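One structure is given below, encoded as structure tokens.
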Amino acid sequence: MELRKCKNCGAFINSEADFCTTCANTLSYNNTILKGYFDGTTASLDSISTVSSHTGVSPSIVENYMVNNNMVDSSTLEKTSFANLPY
Ligand SMILES: [Zn+2]
């Protein structure tokens, strides 16, 4: 059986999930916050850093959310990526 690692924290997981239970719960909660933030506003025009500072959600999670919801073009992310910055 293939050993999988949580995509967020790197913990080993033994299910088909991409994330461990802890991270899955955190991401689910953050996605709820982001959904509430973007719903009914023009906030999709905000930059990732702006959304992050307004919601308290880490930039990498905001970025993933916006990519998954086609709110940003992934080709534009190179200059806005926070992946290498500690947060
Ligand atoms: Zn994890």
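Starting from 1 in every chain, residues are counted up; chains themselves are A, B, ... following the order of the structure tokens, and ligands are numbered from 1 as listed.
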For chain A against ligand 1, with a cut-off of 12 Å and counting only C-alpha atoms and all ligand atoms, what is the closest atom pair and its distance in Å to one decimal for every residue that makes the cut, ordered by chain and number, as CSV?
```
residue,atom,partner,partner_atom_place_in_ligand_line,distance
A:Arg4,CA,ligand 1,1 (Zn),11.0
A:Lys5,CA,ligand 1,1 (Zn),7.9
A:Cys6,CA,ligand 1,1 (Zn),4.7
A:Lys7,CA,ligand 1,1 (Zn),6.6
A:Asn8,CA,ligand 1,1 (Zn),5.0
A:Cys9,CA,ligand 1,1 (Zn),4.1
A:Gly10,CA,ligand 1,1 (Zn),5.9
A:Ala11,CA,ligand 1,1 (Zn),5.4
A:Phe12,CA,ligand 1,1 (Zn),8.2
A:Ile13,CA,ligand 1,1 (Zn),8.5
A:Ala17,CA,ligand 1,1 (Zn),10.4
A:Asp18,CA,ligand 1,1 (Zn),8.6
A:Phe19,CA,ligand 1,1 (Zn),5.2
A:Cys20,CA,ligand 1,1 (Zn),4.2
A:Thr21,CA,ligand 1,1 (Zn),6.8
A:Thr22,CA,ligand 1,1 (Zn),5.8
A:Cys23,CA,ligand 1,1 (Zn),4.3
A:Ala24,CA,ligand 1,1 (Zn),7.1
A:Asn25,CA,ligand 1,1 (Zn),9.4
A:Thr26,CA,ligand 1,1 (Zn),9.0
A:Leu27,CA,ligand 1,1 (Zn),9.6
```
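Straight-line separation from atom CA of A:Asp39 to atom CA of A:Asp73: 19.4 Å.
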Can you pull out every residue within 10 Å of A:Glu2, counting only C-alpha atoms, but drop anything in the same chain fewer than 6 positions away, and send it as a PDB file with C-alpha atoms, in the first residue's frame?
```
ATOM      1  CA  ASN A  14      -3.301   5.896   5.788  1.00  0.00           C
ATOM      2  CA  SER A  15      -6.365   6.895   3.831  1.00  0.00           C
ATOM      3  CA  GLU A  16      -7.082   8.165   0.343  1.00  0.00           C
TER       4      GLU A  16
END
```
| request: Please measure the separation of atom CA of A:Ser28 and atom CA of A:Leu3, giving the value in Å to one decimal. | output: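 Going from atom CA of A:Ser28 over to atom CA of A:Leu3, I get 23.2 Å.
Between atom CA of A:Tyr29 and atom CA of A:Asp46 there is a distance of 20.4 Å.
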| field | DSSP-assigned alpha helix (DSSP H) among stretch 20-66 of chain A, expressed as a PyMOL selection string | value | chain A and resi 21-38+48-55+59-66
Restricted to C-alpha atoms, what would the selected residues look like written as a short mmCIF file (atom, residue, chain, number, x, y, z; two decimals), in the first residue's frame?
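Resulting contents of part_24.cif:
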```cif
data_model
loop_
_atom_site.label_atom_id
_atom_site.label_comp_id
_atom_site.auth_asym_id
_atom_site.auth_seq_id
_atom_site.Cartn_x
_atom_site.Cartn_y
_atom_site.Cartn_z
CA THR A 21 -7.66 14.89 9.94
CA THR A 22 -6.29 17.97 11.69
CA CYS A 23 -5.45 19.78 8.48
CA ALA A 24 -8.69 18.68 6.82
CA ASN A 25 -10.62 20.27 9.68
CA THR A 26 -8.53 23.45 9.53
CA LEU A 27 -8.88 23.72 5.77
CA SER A 28 -12.59 23.06 5.94
CA TYR A 29 -12.95 25.83 8.51
CA ASN A 30 -10.79 28.22 6.47
CA ASN A 31 -12.75 27.44 3.30
CA THR A 32 -15.94 28.30 5.17
CA ILE A 33 -14.42 31.63 6.19
CA LEU A 34 -13.28 32.33 2.63
CA LYS A 35 -16.63 31.34 1.14
CA GLY A 36 -18.34 33.77 3.52
CA TYR A 37 -15.84 36.46 2.62
CA PHE A 38 -16.27 36.11 -1.13
CA ILE A 48 -4.34 37.20 -2.02
CA SER A 49 -2.52 39.24 0.62
CA THR A 50 -5.55 41.50 1.07
CA VAL A 51 -7.89 38.56 1.49
CA SER A 52 -5.46 36.97 3.91
CA SER A 53 -5.19 40.07 6.08
CA HIS A 54 -8.99 40.50 6.14
CA THR A 55 -9.77 36.90 6.99
CA PRO A 59 -1.97 33.20 2.05
CA SER A 60 -1.20 29.70 0.78
CA ILE A 61 -4.71 28.55 1.72
CA VAL A 62 -6.26 31.66 0.16
CA GLU A 63 -4.25 30.97 -2.98
CA ASN A 64 -5.40 27.35 -3.13
CA TYR A 65 -8.99 28.39 -2.58
CA MET A 66 -8.88 31.00 -5.34
#
```
